[in-house]
Amino acid sequence: MSKRILFISDLHLEESRPDITRTLLQFLDINSGNCAALYILGDLFESWIGDDEQSLLIDEITSALRGFHVAGSSIYLMHGNRDFLIGDNFAKRCGAELIEDPCILKTETGHIVLLHGDTLCTDDLEYMQFRAQVRQQVWKQEFLAKPLDDRRAFAQEARQASQKAATKNNFIMDVNEQAVLDLLNQFQENMMLHGHTHRPGVHELAFTSPINGQIIGQRIVLGDWNNKAWYAEAQDKEISLHSFDLVS
Ligand SMILES: [Mn+2]
């Protein structure tokens, strides 16, 4: 098996975007049996109201991921801000393993701090408050105990609020530089990979670690699958960021 490791995030799969679903199915097909692992770093789905929700889209994605897993690649699934209610049940059906945000991946390239990225947007105080509320175990349990119709209605409202929030100024919606350095210092690492901001890029970092002194590092940001599809690849001691056209 190849040692390639692939990373994707922010596909925001939904019924109204079959082109993105088709692109994912093609991406899985091309890479099937051809990588050691696939990391999905959050917001695979535009919304998720519980593992008991059923749809053709969910069935299609579940069976494609399971096939990919059966062909020999590990699949690791991290929560995003849209699909943080994905549970072990759905992960298991996909042959995937849920991973913590943040977590450390040890590769030949070095150690990489993996996260969805929303926790770095500390300037968006309104969102950080919302996040603190909905990530509580009690909130999640109460929400998941509601009838599916109530949960669907809530998801619809949350989507509208989020679309409105997208008009917040650019500065607030991007990562806070200090939050980036704090997280790297906390783990004593120099490399980070995340999505969420929809601002794909490779950023060189130079900072001073209280413990290790001058550090040169990197922050790689995955792009969302909207006008294009994005993935990062770790292979031969290098991490690279790629985009390609959606399947029409
Ligand atoms: Mn996100």
# chains A, B, ... in the order shown; residues from 1 in each chain; ligands from 1
call {"tool": "select_by_dssp", "arguments": {"residues": "region 15-232 of chain A", "states": "alpha helix (DSSP H)", "output": "NGL selection string"}}
result
:A and (18-31 or 56-70 or 88-94 or 125-134 or 137-144 or 148-165 or 170-173 or 177-187)
call {"tool": "residues_near_ligand", "arguments": {"ligand": "ligand 1", "cutoff": "10 Å", "atoms": "only C-alpha atoms and all ligand atoms", "output": "ChimeraX atom specification"}}
result
/A:9-12,41-46,79-84,116-119,194-198,224
call {"tool": "select_by_dssp", "arguments": {"residues": "region 5-213 of chain A", "states": "strand (DSSP E or B)", "output": "PDB file with C-alpha atoms, in the first residue's frame"}}
result
ATOM      1  CA  ILE A   5      -2.077  10.432   3.045  1.00  0.00           C
ATOM      2  CA  LEU A   6      -4.895  12.583   1.711  1.00  0.00           C
ATOM      3  CA  PHE A   7      -6.759  15.406   3.433  1.00  0.00           C
ATOM      4  CA  ILE A   8     -10.049  17.025   2.464  1.00  0.00           C
ATOM      5  CA  LEU A  13     -22.443  17.944   0.754  1.00  0.00           C
ATOM      6  CA  ALA A  37      -5.368   7.092   4.773  1.00  0.00           C
ATOM      7  CA  LEU A  38      -7.946   9.745   4.045  1.00  0.00           C
ATOM      8  CA  TYR A  39      -8.542  12.478   6.608  1.00  0.00           C
ATOM      9  CA  ILE A  40     -11.840  14.339   6.351  1.00  0.00           C
ATOM     10  CA  LEU A  41     -11.292  17.427   8.480  1.00  0.00           C
ATOM     11  CA  PHE A  45     -21.922  17.619   5.132  1.00  0.00           C
ATOM     12  CA  SER A  74      -8.121   4.088   6.678  1.00  0.00           C
ATOM     13  CA  ILE A  75     -10.674   6.873   6.915  1.00  0.00           C
ATOM     14  CA  TYR A  76     -10.533   9.419   9.718  1.00  0.00           C
ATOM     15  CA  LEU A  77     -13.427  11.754  10.259  1.00  0.00           C
ATOM     16  CA  MET A  78     -13.271  15.011  12.226  1.00  0.00           C
ATOM     17  CA  ALA A  96     -14.339   5.475   9.404  1.00  0.00           C
ATOM     18  CA  GLU A  97     -12.986   6.467  12.782  1.00  0.00           C
ATOM     19  CA  LEU A  98     -13.973   9.718  14.474  1.00  0.00           C
ATOM     20  CA  ILE A  99     -10.957  11.743  15.600  1.00  0.00           C
ATOM     21  CA  CYS A 103      -5.174  15.929  17.073  1.00  0.00           C
ATOM     22  CA  ILE A 104      -1.576  15.189  16.104  1.00  0.00           C
ATOM     23  CA  LEU A 105      -0.746  13.140  13.037  1.00  0.00           C
ATOM     24  CA  LYS A 106       2.733  11.642  12.961  1.00  0.00           C
ATOM     25  CA  THR A 107       3.958  11.319   9.378  1.00  0.00           C
ATOM     26  CA  GLY A 110       6.837  15.423  10.630  1.00  0.00           C
ATOM     27  CA  HIS A 111       4.083  15.914  13.131  1.00  0.00           C
ATOM     28  CA  ILE A 112       1.051  17.824  11.923  1.00  0.00           C
ATOM     29  CA  VAL A 113      -1.597  19.420  14.112  1.00  0.00           C
ATOM     30  CA  LEU A 114      -4.925  18.631  12.450  1.00  0.00           C
ATOM     31  CA  LEU A 115      -8.057  20.613  13.191  1.00  0.00           C
ATOM     32  CA  MET A 191       3.031  22.365  11.300  1.00  0.00           C
ATOM     33  CA  MET A 192      -0.739  22.775  11.104  1.00  0.00           C
ATOM     34  CA  LEU A 193      -3.392  21.690   8.612  1.00  0.00           C
ATOM     35  CA  HIS A 194      -7.001  22.852   8.698  1.00  0.00           C
ATOM     36  CA  GLY A 201      -3.219  28.443   0.959  1.00  0.00           C
ATOM     37  CA  VAL A 202       0.173  27.509   2.352  1.00  0.00           C
ATOM     38  CA  HIS A 203       1.430  29.995   4.928  1.00  0.00           C
ATOM     39  CA  GLU A 204       5.028  30.036   6.134  1.00  0.00           C
ATOM     40  CA  LEU A 205       5.292  30.764   9.857  1.00  0.00           C
ATOM     41  CA  ALA A 206       8.185  32.168  11.851  1.00  0.00           C
ATOM     42  CA  PHE A 207       7.628  32.423  15.575  1.00  0.00           C
ATOM     43  CA  THR A 208       9.272  32.075  18.952  1.00  0.00           C
ATOM     44  CA  SER A 209       8.318  29.114  21.064  1.00  0.00           C
ATOM     45  CA  GLY A 213      13.070  29.203  20.651  1.00  0.00           C
TER      46      GLY A 213
END
call {"tool": "residues_around", "arguments": {"residues": "Arg93 (chain A)", "least_positions_apart": "5", "cutoff": "12 Å", "atoms": "only C-alpha atoms", "output": "number ranges by chain"}}
result
A: 51-52, 58-67, 69-70, 75, 86-88, 98
call {"tool": "closest_residue", "arguments": {"among": "A:Glu15, A:Gln141, A:Ala36, A:Gln26", "to": "Ser55 (chain A)", "atoms": "only C-alpha atoms"}}
result
A:Glu15
call {"tool": "atom_distance", "arguments": {"atom1": "CA of Leu125 (chain A)", "atom2": "CA of Phe143 (chain A)"}}
result
22.9 Å
call {"tool": "residues_around", "arguments": {"residues": "Asn170 (chain A)", "least_positions_apart": "6", "cutoff": "12 Å", "atoms": "only C-alpha atoms", "output": "JSON, numbers by chain"}}
result
{"A": [121, 123, 124, 176, 197, 198, 199]}
